[in-house]
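The file model20.cif comes next; it holds mmCIF, C-alpha atoms and all ligand atoms.
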```cif
data_structure
loop_
_atom_site.label_atom_id
_atom_site.label_comp_id
_atom_site.auth_asym_id
_atom_site.auth_seq_id
_atom_site.Cartn_x
_atom_site.Cartn_y
_atom_site.Cartn_z
CA MET M 289 119.62 117.29 102.83
CA ILE M 290 118.79 113.97 101.18
CA VAL M 291 121.29 111.12 101.58
CA THR M 292 121.17 108.28 99.08
CA VAL M 293 122.51 104.77 99.54
CA THR M 294 123.46 102.52 96.63
CA PRO M 295 124.75 99.16 97.90
CA ASN M 296 125.52 98.03 94.33
CA PRO M 297 126.56 101.08 92.29
CA SER M 298 127.59 100.97 88.64
CA ILE M 299 129.12 102.75 85.74
CA ASP M 300 126.44 102.79 83.05
CA ARG M 301 127.57 102.37 79.48
CA THR M 302 124.92 103.11 76.84
CA VAL M 303 125.35 101.98 73.25
CA GLU M 304 122.86 103.25 70.67
CA ILE M 305 122.15 100.92 67.77
CA PRO M 306 119.58 101.02 64.94
CA VAL M 307 117.97 97.69 65.88
CA LEU M 308 118.95 94.77 68.13
CA THR M 309 119.64 91.66 66.03
CA PRO M 310 120.76 88.70 68.18
CA GLY M 311 123.87 87.01 66.81
CA ALA M 312 124.80 89.88 64.47
CA VAL M 313 127.75 92.30 64.55
CA LEU M 314 126.06 95.59 65.38
CA ARG M 315 127.52 99.04 64.61
CA ALA M 316 126.91 101.61 67.32
CA THR M 317 125.61 105.01 66.24
CA ASP M 318 126.47 106.65 69.55
CA HIS M 319 127.66 105.77 73.04
CA ARG M 320 128.00 107.40 76.46
CA VAL M 321 129.07 106.70 80.01
CA ASP M 322 127.17 107.86 83.13
CA PRO M 323 127.48 107.22 86.84
CA GLY M 324 124.83 104.64 87.70
CA GLY M 325 122.93 102.77 90.36
CA LYS M 326 119.51 103.75 91.64
CA GLY M 327 120.49 105.82 94.69
CA VAL M 328 123.33 107.43 92.75
CA ASN M 329 120.85 108.54 90.08
CA VAL M 330 118.52 110.05 92.69
CA SER M 331 121.51 112.07 94.00
CA ARG M 332 122.37 113.19 90.47
CA VAL M 333 118.84 114.56 89.93
CA LEU M 334 118.96 116.30 93.32
CA ALA M 335 122.29 117.90 92.38
CA ARG M 336 120.85 119.11 89.07
CA PHE M 337 118.05 120.80 91.04
CA GLY M 338 120.63 122.44 93.32
CA ARG M 339 119.72 120.28 96.32
CA PRO M 340 122.40 119.20 98.79
CA THR M 341 122.96 115.44 98.68
CA LEU M 342 125.46 112.76 99.64
CA ALA M 343 125.73 109.44 97.79
CA VAL M 344 126.80 106.63 100.12
CA MET M 345 128.16 103.60 98.28
CA PRO M 346 130.72 100.84 98.68
CA GLY M 347 133.88 101.38 96.64
CA GLY M 348 137.03 103.42 96.48
CA GLU M 349 137.87 106.82 95.06
CA GLY M 350 137.90 105.45 91.51
CA GLU M 351 136.19 106.35 88.23
CA LEU M 352 132.64 106.34 89.65
CA ALA M 353 133.53 108.74 92.46
CA ALA M 354 135.24 111.03 89.94
CA LEU M 355 132.21 110.94 87.60
CA LEU M 356 129.93 111.75 90.53
CA ARG M 357 132.02 114.71 91.67
CA ARG M 358 131.87 116.03 88.11
CA ALA M 359 128.05 115.73 88.34
CA GLY M 360 128.08 117.82 91.53
CA VAL M 361 127.41 114.89 93.87
CA GLN M 362 129.61 114.23 96.88
CA PRO M 363 130.29 110.49 97.15
CA VAL M 364 130.77 108.86 100.55
CA CYS M 365 132.77 105.71 99.80
CA THR M 366 132.67 102.76 102.21
CA PRO M 367 135.15 99.84 102.24
CA ALA M 368 134.93 97.37 99.33
CA THR M 369 137.44 95.38 97.34
CA GLY M 370 137.10 95.23 93.57
CA THR M 371 136.23 97.29 90.53
CA THR M 372 132.83 98.94 90.08
CA ARG M 373 130.57 96.96 87.75
CA VAL M 374 129.75 98.21 84.27
CA ASN M 375 126.07 97.97 83.30
CA THR M 376 125.41 98.11 79.58
CA ALA M 377 122.25 99.40 77.92
CA LEU M 378 121.61 98.67 74.25
CA VAL M 379 119.19 101.31 73.03
CA GLU M 380 117.46 100.88 69.68
CA ALA M 381 116.35 103.79 67.49
CA ASP M 382 112.75 103.51 68.76
CA GLY M 383 113.93 103.74 72.38
CA THR M 384 113.59 100.01 73.15
CA THR M 385 116.21 99.31 75.79
CA THR M 386 117.95 96.01 76.55
CA LYS M 387 119.99 96.11 79.73
CA VAL M 388 122.81 93.84 80.90
CA ASN M 389 123.67 94.46 84.56
CA GLU M 390 126.84 92.91 85.96
CA PRO M 391 126.69 91.31 89.44
CA GLY M 392 128.87 93.96 91.10
CA VAL M 393 131.51 93.89 93.79
CA PRO M 394 130.81 91.29 96.51
CA LEU M 395 130.92 92.62 100.06
CA THR M 396 132.22 90.89 103.18
CA ALA M 397 130.08 90.91 106.34
CA ASP M 398 132.38 93.61 107.80
CA GLN M 399 131.99 95.73 104.67
CA VAL M 400 128.20 95.42 104.87
CA ASP M 401 128.32 96.50 108.53
CA ALA M 402 130.55 99.45 107.59
CA LEU M 403 128.00 100.52 104.94
CA VAL M 404 125.12 100.40 107.44
CA ASP M 405 127.18 102.23 110.11
CA THR M 406 128.10 104.95 107.60
CA VAL M 407 124.44 105.43 106.72
CA ARG M 408 123.60 105.79 110.42
CA VAL M 409 126.19 108.57 110.79
CA HIS M 410 125.12 110.54 107.71
CA ALA M 411 121.39 110.03 108.34
CA ALA M 412 121.48 112.08 111.54
CA PRO M 413 121.42 115.52 109.84
CA ALA M 414 119.37 114.28 106.85
CA ASP M 415 115.67 114.87 106.12
CA TRP M 416 115.44 111.73 104.01
CA VAL M 417 117.57 108.69 103.30
CA VAL M 418 116.89 106.94 99.98
CA THR M 419 118.18 103.38 99.78
CA ALA M 420 117.87 101.76 96.39
CA GLY M 421 118.86 99.12 93.88
CA SER M 422 120.00 95.52 93.98
CA VAL M 423 121.73 93.84 96.90
CA PRO M 424 125.35 92.87 96.15
CA SER M 425 126.49 89.32 96.79
CA GLY M 426 127.84 88.85 100.28
CA ALA M 427 125.00 90.93 101.71
CA THR M 428 121.71 89.38 102.72
CA ASP M 429 118.33 90.34 101.28
CA ASP M 430 117.45 92.26 104.43
CA LEU M 431 120.10 94.92 103.61
CA HIS M 432 117.63 97.68 102.71
CA ALA M 433 115.60 96.77 105.81
CA ARG M 434 118.75 97.14 107.96
CA ILE M 435 119.54 100.47 106.30
CA THR M 436 115.94 101.59 106.85
CA ARG M 437 116.16 100.81 110.58
CA ALA M 438 119.59 102.45 110.91
CA ALA M 439 118.51 105.64 109.14
CA ARG M 440 115.29 105.83 111.10
CA SER M 441 117.09 105.34 114.42
CA ALA M 442 119.17 108.38 113.46
CA GLY M 443 115.98 110.40 112.93
CA ALA M 444 115.67 110.46 109.11
CA ARG M 445 112.67 109.52 107.00
CA VAL M 446 113.40 106.65 104.63
CA ALA M 447 112.47 105.86 101.02
CA VAL M 448 113.21 102.46 99.47
CA ASP M 449 113.37 101.43 95.80
CA THR M 450 114.29 97.81 95.32
CA SER M 451 112.69 94.58 94.14
CA GLY M 452 111.98 90.93 94.95
CA THR M 453 112.81 89.55 98.38
CA ALA M 454 114.82 92.66 99.26
CA LEU M 455 111.66 94.74 98.79
CA ALA M 456 109.61 92.33 100.89
CA HIS M 457 112.15 92.62 103.75
CA ALA M 458 112.23 96.41 103.39
CA VAL M 459 108.43 96.65 103.52
CA ALA M 460 108.47 94.69 106.78
CA ALA M 461 110.65 97.49 108.21
CA THR M 462 107.85 99.98 107.25
CA PRO M 463 109.82 102.75 105.53
CA ASP M 464 108.16 106.13 105.01
CA LEU M 465 107.99 105.63 101.25
CA VAL M 466 108.44 102.82 98.74
CA LYS M 467 108.72 103.28 94.96
CA PRO M 468 107.94 100.02 93.16
CA ASN M 469 107.06 99.84 89.48
CA VAL M 470 103.99 97.76 88.57
CA ALA M 471 105.94 94.51 88.08
CA GLU M 472 107.74 94.93 91.42
CA LEU M 473 104.49 95.67 93.24
CA ALA M 474 102.80 92.67 91.57
CA GLU M 475 105.63 90.39 92.72
CA LEU M 476 105.40 91.81 96.23
CA VAL M 477 101.67 91.20 96.59
CA GLY M 478 101.85 87.90 94.73
CA HIS M 479 99.36 88.45 91.91
CA PRO M 480 99.14 90.37 88.60
CA LEU M 481 97.91 93.98 88.58
CA PRO M 482 96.30 94.43 85.17
CA ALA M 483 94.27 97.59 85.94
CA LEU M 484 94.85 100.79 87.88
CA ALA M 485 92.21 99.58 90.36
CA ASP M 486 94.43 96.55 91.14
CA VAL M 487 97.52 98.73 91.61
CA LEU M 488 95.54 101.06 93.86
CA ALA M 489 94.29 98.17 96.01
CA ALA M 490 97.81 96.72 96.35
CA ALA M 491 99.25 100.12 97.26
CA ARG M 492 96.48 100.71 99.82
CA GLU M 493 97.27 97.35 101.39
CA LEU M 494 100.85 98.54 101.99
CA VAL M 495 99.68 101.87 103.43
CA VAL M 496 97.36 100.02 105.82
CA GLY M 497 100.40 97.92 106.78
CA GLY M 498 102.28 101.03 107.89
CA ILE M 499 104.08 102.44 104.82
CA GLY M 500 103.57 106.20 104.72
CA THR M 501 103.55 106.66 100.94
CA VAL M 502 103.46 104.16 98.11
CA LEU M 503 104.64 105.77 94.89
CA VAL M 504 104.05 103.40 91.97
CA SER M 505 105.71 104.23 88.67
CA MET M 506 103.74 102.84 85.74
CA GLY M 507 105.90 103.56 82.69
CA ALA M 508 103.90 105.25 79.92
CA SER M 509 100.82 105.18 82.19
CA GLY M 510 102.37 107.70 84.59
CA ALA M 511 102.48 107.24 88.35
CA LEU M 512 100.23 106.72 91.34
CA ALA M 513 100.74 108.00 94.90
CA VAL M 514 98.83 106.54 97.82
CA THR M 515 99.05 107.85 101.39
CA ASP M 516 96.82 107.83 104.47
CA ASP M 517 95.30 111.05 103.15
CA GLY M 518 94.31 109.85 99.69
CA ALA M 519 95.33 108.54 96.29
CA TRP M 520 96.34 110.44 93.14
CA HIS M 521 97.22 109.53 89.58
CA VAL M 522 99.17 111.59 87.07
CA ALA M 523 99.25 110.43 83.44
CA SER M 524 102.50 110.62 81.49
CA PRO M 525 102.63 113.14 78.70
CA ALA M 526 103.47 111.76 75.23
CA VAL M 527 107.26 111.65 75.03
CA ALA M 528 109.70 110.60 72.31
CA VAL M 529 111.53 107.85 74.22
CA ARG M 530 115.34 108.05 74.05
CA SER M 531 116.16 105.81 77.03
CA THR M 532 114.04 104.65 79.95
CA VAL M 533 117.07 103.90 82.16
CA GLY M 534 116.88 105.97 85.34
CA ALA M 535 113.31 107.16 84.72
CA GLY M 536 112.09 105.58 87.95
CA ASP M 537 114.96 107.16 89.89
CA SER M 538 114.13 110.57 88.40
CA THR M 539 110.48 110.03 89.39
CA LEU M 540 111.44 109.33 93.00
CA ALA M 541 113.84 112.27 93.11
CA GLY M 542 111.18 114.55 91.61
CA TYR M 543 108.68 113.48 94.25
CA LEU M 544 111.08 114.15 97.14
CA ILE M 545 112.27 117.47 95.70
CA ALA M 546 108.69 118.78 95.66
CA LEU M 547 107.72 117.19 98.98
CA THR M 548 110.72 118.68 100.82
CA SER M 549 109.81 122.08 99.32
CA GLY M 550 106.49 121.82 101.17
CA ALA M 551 104.30 120.64 98.28
CA PRO M 552 101.31 118.40 99.03
CA SER M 553 101.44 114.79 97.75
CA SER M 554 99.33 115.61 94.66
CA ASP M 555 101.74 118.34 93.51
CA ALA M 556 104.76 116.20 94.40
CA LEU M 557 103.34 113.48 92.13
CA HIS M 558 102.91 116.00 89.32
CA HIS M 559 106.56 117.01 89.68
CA ALA M 560 107.60 113.35 89.88
CA VAL M 561 105.90 112.50 86.58
CA ALA M 562 107.40 115.58 84.93
CA CYS M 563 110.86 114.39 86.03
CA GLY M 564 110.22 110.80 84.87
CA ALA M 565 108.95 111.97 81.49
CA ALA M 566 111.95 114.27 81.08
CA ALA M 567 114.32 111.41 81.90
CA VAL M 568 112.96 109.14 79.15
CA GLY M 569 113.57 111.93 76.65
CA LEU M 570 117.26 112.05 77.57
CA PRO M 571 119.95 109.65 76.31
CA GLY M 572 121.47 106.84 78.39
CA THR M 573 121.33 107.38 82.14
CA ALA M 574 121.32 111.17 81.73
CA VAL M 575 119.09 112.72 84.41
CA PRO M 576 116.90 115.82 84.16
CA GLY M 577 117.34 119.25 85.69
CA PRO M 578 114.76 122.06 85.96
CA ALA M 579 115.27 123.20 82.34
CA ASP M 580 114.37 119.73 81.02
CA LEU M 581 110.91 119.71 82.59
CA ASP M 582 107.78 120.46 80.56
CA LEU M 583 105.44 121.08 83.52
CA PRO M 584 102.57 122.71 81.55
CA HIS M 585 102.21 119.54 79.46
CA VAL M 586 101.87 117.24 82.47
CA ARG M 587 98.23 117.04 83.52
CA PRO M 588 97.45 117.78 87.20
CA ALA M 589 96.90 114.92 89.63
CA THR M 590 93.41 113.42 89.67
CA ALA M 591 91.64 110.71 91.62
CA PRO M 592 92.70 107.37 90.08
CA ASP M 593 90.35 106.18 87.33
CA SER M 594 89.71 102.59 88.43
CA THR M 595 88.74 101.53 84.91
CA LEU M 596 92.17 102.42 83.45
CA ASP M 597 93.69 99.30 81.88
CA LEU M 598 97.43 98.89 82.35
CA THR M 599 97.79 95.99 79.95
CA GLY M 600 100.93 96.77 78.02
CA GLU M 601 102.77 97.82 81.18
CA ALA M 602 104.54 94.95 82.95
CA ALA M 603 101.71 93.75 85.17
N1 LIG X 1 107.19 105.26 77.52
C1 LIG X 1 107.06 106.28 78.38
N2 LIG X 1 106.42 107.42 77.99
C2 LIG X 1 106.29 108.46 78.85
N3 LIG X 1 106.76 108.46 80.11
C3 LIG X 1 107.39 107.37 80.53
C4 LIG X 1 107.57 106.23 79.70
N4 LIG X 1 108.26 105.29 80.40
C5 LIG X 1 108.49 105.84 81.61
N5 LIG X 1 107.96 107.07 81.71
C6 LIG X 1 108.01 108.00 82.85
O1 LIG X 1 109.02 107.56 83.74
C7 LIG X 1 108.45 107.14 85.00
C8 LIG X 1 109.19 105.93 85.54
O2 LIG X 1 109.10 104.87 84.60
P1 LIG X 1 109.05 103.33 85.02
O3 LIG X 1 107.78 103.06 85.70
O4 LIG X 1 109.35 102.59 83.77
O5 LIG X 1 110.22 103.27 86.10
P2 LIG X 1 111.13 102.05 86.57
O6 LIG X 1 110.59 100.75 86.06
O7 LIG X 1 111.34 102.20 88.03
O8 LIG X 1 112.47 102.42 85.79
P3 LIG X 1 114.04 102.29 86.18
O9 LIG X 1 114.15 101.12 87.14
O10 LIG X 1 114.70 102.04 84.85
O11 LIG X 1 114.46 103.58 86.76
C9 LIG X 1 106.96 106.91 84.70
O12 LIG X 1 106.18 107.10 85.86
C10 LIG X 1 106.70 107.96 83.63
O13 LIG X 1 106.52 109.24 84.20
O1 LIG X 2 121.15 96.15 89.16
P1 LIG X 2 120.25 97.12 89.91
O2 LIG X 2 120.92 97.67 91.12
O3 LIG X 2 118.87 96.60 90.14
O4 LIG X 2 120.00 98.36 88.92
C1 LIG X 2 121.08 99.11 88.47
C2 LIG X 2 120.61 100.04 87.37
O5 LIG X 2 120.04 99.33 86.27
O6 LIG X 2 119.60 100.90 87.89
C3 LIG X 2 119.75 102.22 87.40
C4 LIG X 2 118.49 102.66 86.72
O7 LIG X 2 117.43 102.66 87.63
C5 LIG X 2 120.95 102.19 86.47
O8 LIG X 2 121.71 103.36 86.59
C6 LIG X 2 121.72 100.97 86.88
O9 LIG X 2 122.50 100.42 85.83
#
```
Spit out the file's structure as structure tokens when you get a sec.
Ligand SMILES: Nc1ncnc2c1ncn2[C@@H]1O[C@H](COP(=O)(O)OP(=O)(O)OP(=O)(O)O)[C@@H](O)[C@H]1O
Ligand SMILES: O=P(O)(O)OC[C@@]1(O)O[C@H](CO)[C@@H](O)[C@@H]1O
Amino acid sequence: MIVTVTPNPSIDRTVEIPVLTPGAVLRATDHRVDPGGKGVNVSRVLARFGRPTLAVMPGGEGELAALLRRAGVQPVCTPATGTTRVNTALVEADGTTTKVNEPGVPLTADQVDALVDTVRVHAAPADWVVTAGSVPSGATDDLHARITRAARSAGARVAVDTSGTALAHAVAATPDLVKPNVAELAELVGHPLPALADVLAAARELVVGGIGTVLVSMGASGALAVTDDGAWHVASPAVAVRSTVGAGDSTLAGYLIALTSGAPSSDALHHAVACGAAAVGLPGTAVPGPADLDLPHVRPATAPDSTLDLTGEAA
């Protein structure tokens, strides 16, 4: 069982437009609504792969909980007052995505404590707890670190996907896995990472500091996994990009699905990249299931090629 935690969940609204012209009245060619938030998306992928999962999140039994149940995910709602935020993605015909994320429902100190306590309870029977996304106002930037410590004290392994100061706090709590993208990792280590060699060095630094696995998603350049046992890179296959929203969450879910099936890190990374690539081929925040994967077209994991230039990815 994998429990996910999304302190700042969302309803994701995607509007497809031919091209984004600031200041113009744009006519949508299509639109859709998905449950959203990083942990929520990980749970949705797990559910599509038939894996048991719970999605812990602040909020009542409203529209988001109903959407999640329809997606086969059991929500665990913790106390919060307010309406779930709506995050809007404007997706152009070439797949370029502009995202507007609302701030979300603020939490009181008691509501933050209730979230952490709920995680502790549900972490006890879990193999992994994934805590991910932004920190809502009212909570402090050490929220994912607190959740990491609570889940670990209950015996679960912990994966974190967040950014900025919240990621720095989480790293100090040494979770079992972190999943930054290149820009997030660069901010964490405090310098740009223009080549795969730089990303590898930064990831190794974290592993030496006590993080079990650093899984770096690198957009069109695929993903890198670094553990105590080694480092592997898997390139992304060429994909017609429909929407990149949720690709990182699908990558993390794909990694954990394979790992908890007993796969070694190299094969887990292969599965992760297949899931990420499948996600970008789907509209909005739609997430992949087994039938969406094109495993034969994803190249096997190799030792990272230090000369690979990542310029073009956010470095
Ligand atoms: N343009 C692309 N072409 C092919 N694959 C892609 C592309 N963009 C993303 N991917 C796949 O999706 C994975 C995750 O992408 P990315 O690194 O952009 O995640 P992210 O920044 O965490 O995204 P998000 O926060 O929106 O979930 C990549 O490792 C890759 O497998
Ligand atoms: O505002 P945050 O919490 O950083 O990110 C929220 C979000 O952009 O992340 C998911 C994609 O990873 C979306 O479903 C959601 O809208």
Put a box with edges along x, y and z around all the listed atoms of ligand LIG 1 (chain X), pad it by 5 Å on each side, then give me its centre and sizes in Å, one decimal, as AutoDock Vina command-line options.
```
--center_x 110.4 --center_y 105.0 --center_z 82.8 --size_x 18.5 --size_y 18.5 --size_z 20.5
```
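Every protein, DNA or RNA residue with an atom at most 7 Å from segment 318-323 of chain M, where all atoms listed in the file count and chain neighbours fewer than 2 positions away do not, is listed here: Ser298, Ile299, Asp300, Arg301, Thr302, Val303, Glu304, Ala316, Leu352, Leu355, Leu356, Gly572, Thr573 and Ala574 of chain M.
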Residues of chain M that have any atom at most 8 Å from an atom of ligand LIG 2 (chain X): could you tabulate them with the shortest-distance atom pair and the distance in Å to one decimal, using all atoms listed in the file, ordered by chain and increasing number, as a tab-separated table?
```
residue	atom	partner	partner_atom	distance
M:Thr294	CA	X:LIG2	O2	7.8
M:Pro295	CA	X:LIG2	O2	7.9
M:Asn296	CA	X:LIG2	O2	5.6
M:Pro297	CA	X:LIG2	O2	6.7
M:Ser298	CA	X:LIG2	O9	5.8
M:Ile299	CA	X:LIG2	O9	7.0
M:Asp300	CA	X:LIG2	O9	5.4
M:Asp322	CA	X:LIG2	O8	7.9
M:Pro323	CA	X:LIG2	O8	6.9
M:Gly324	CA	X:LIG2	O8	3.6
M:Gly325	CA	X:LIG2	O8	4.0
M:Lys326	CA	X:LIG2	C3	4.5
M:Val328	CA	X:LIG2	O8	7.6
M:Asn329	CA	X:LIG2	O8	6.3
M:Val374	CA	X:LIG2	O9	7.7
M:Asn375	CA	X:LIG2	O9	5.0
M:Thr376	CA	X:LIG2	O9	7.3
M:Ala377	CA	X:LIG2	O9	8.0
M:Lys387	CA	X:LIG2	O5	7.3
M:Asn389	CA	X:LIG2	O1	5.5
M:Glu390	CA	X:LIG2	O1	7.3
M:Pro391	CA	X:LIG2	O1	7.4
M:Ala420	CA	X:LIG2	O2	7.3
M:Gly421	CA	X:LIG2	O2	3.7
M:Ser422	CA	X:LIG2	O2	3.7
M:Val423	CA	X:LIG2	O2	7.0
M:Thr450	CA	X:LIG2	O3	7.0
M:Ser451	CA	X:LIG2	O3	7.6
M:Val533	CA	X:LIG2	C4	4.9
M:Gly534	CA	X:LIG2	C4	3.9
M:Ala535	CA	X:LIG2	O7	6.8
M:Gly536	CA	X:LIG2	O7	6.1
M:Asp537	CA	X:LIG2	O7	5.6
M:Thr573	CA	X:LIG2	O8	6.0
```
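Comparing the minimum interatomic distances between Ala485 of chain M and each of M:Asn469, M:Ser594, M:Thr292, M:Gln362, counting all atoms listed in the file, we find that M:Ser594 sits nearest.
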Please extract the residues at most 8 Å from ligand LIG 1 (chain X), counting only C-alpha atoms and all ligand atoms, and provide them as a CSV table (one decimal) with C-alpha atoms, in the frame of the given file, using the chain letters and residue numbers of this document.
```csv
chain,number,residue,atom,x,y,z
M,326,LYS,CA,119.5,103.8,91.6
M,467,LYS,CA,108.7,103.3,95.0
M,468,PRO,CA,107.9,100.0,93.2
M,469,ASN,CA,107.1,99.8,89.5
M,470,VAL,CA,104.0,97.8,88.6
M,504,VAL,CA,104.0,103.4,92.0
M,505,SER,CA,105.7,104.2,88.7
M,506,MET,CA,103.7,102.8,85.7
M,507,GLY,CA,105.9,103.6,82.7
M,508,ALA,CA,103.9,105.2,79.9
M,509,SER,CA,100.8,105.2,82.2
M,510,GLY,CA,102.4,107.7,84.6
M,511,ALA,CA,102.5,107.2,88.4
M,523,ALA,CA,99.2,110.4,83.4
M,524,SER,CA,102.5,110.6,81.5
M,525,PRO,CA,102.6,113.1,78.7
M,526,ALA,CA,103.5,111.8,75.2
M,527,VAL,CA,107.3,111.6,75.0
M,528,ALA,CA,109.7,110.6,72.3
M,529,VAL,CA,111.5,107.8,74.2
M,532,THR,CA,114.0,104.6,80.0
M,533,VAL,CA,117.1,103.9,82.2
M,534,GLY,CA,116.9,106.0,85.3
M,535,ALA,CA,113.3,107.2,84.7
M,536,GLY,CA,112.1,105.6,88.0
M,537,ASP,CA,115.0,107.2,89.9
M,538,SER,CA,114.1,110.6,88.4
M,539,THR,CA,110.5,110.0,89.4
M,560,ALA,CA,107.6,113.4,89.9
M,561,VAL,CA,105.9,112.5,86.6
M,562,ALA,CA,107.4,115.6,84.9
M,563,CYS,CA,110.9,114.4,86.0
M,564,GLY,CA,110.2,110.8,84.9
M,565,ALA,CA,109.0,112.0,81.5
M,566,ALA,CA,112.0,114.3,81.1
M,567,ALA,CA,114.3,111.4,81.9
M,568,VAL,CA,113.0,109.1,79.2
```
Query - Straight-line distance linking atom CA of Leu308 of chain M with atom CA of Glu380 of chain M, stated in Å to one decimal - result: 6.5 Å
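Each of M:Arg332, M:Arg358, M:Arg530, M:Arg437 was compared to Ile290 of chain M using all atoms listed in the file, and M:Arg332 turns out to be the nearest.
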Report task. Compute the distance from (108.7, 92.0, 94.9) to each atom, counting only C-alpha atoms, keep the residues with any atom at most 7 Å away, and return them as JSON, numbers by chain; use the coordinates of the file. Result -> {"M": [451, 452, 453, 455, 456, 472, 473, 474, 475, 476]}
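The space between atom CA of Asp517 of chain M and atom CA of Thr436 of chain M spans 23.0 Å.
Checking M:Ser549, M:Thr419, M:Thr384, M:Thr341 one by one against Ala458 of chain M, counting only C-alpha atoms, you find the shortest gap at M:Thr419.
Between atom CA of Val333 of chain M and atom CA of His410 of chain M there is a distance of 19.3 Å.
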Query raised in the report: So which residues touch segment 395-409 of chain M within 6 Å, counting only C-alpha atoms, skipping near sequence neighbours fewer than 5 positions away, as a ChimeraX atom specification?
Result: /M:366-367,426,435,438-439,442
**Report entry** Shell of 6 Å around Ala414 of chain M, all atoms listed in the file, local chain residues under 3 positions omitted, as an MDAnalysis selection string
**Finding:** chainID M and resid 289:290 411 444
Next, the residues of the selection above should be written as a compact mmCIF listing (two decimals), keeping the file's coordinate frame with C-alpha atoms.
```txt
# COMPACT_ATOMS: atom_id res chain seq x y z
CA MET M 289 119.62 117.29 102.83
CA ILE M 290 118.79 113.97 101.18
CA ALA M 411 121.39 110.03 108.34
CA ALA M 444 115.67 110.46 109.11
```
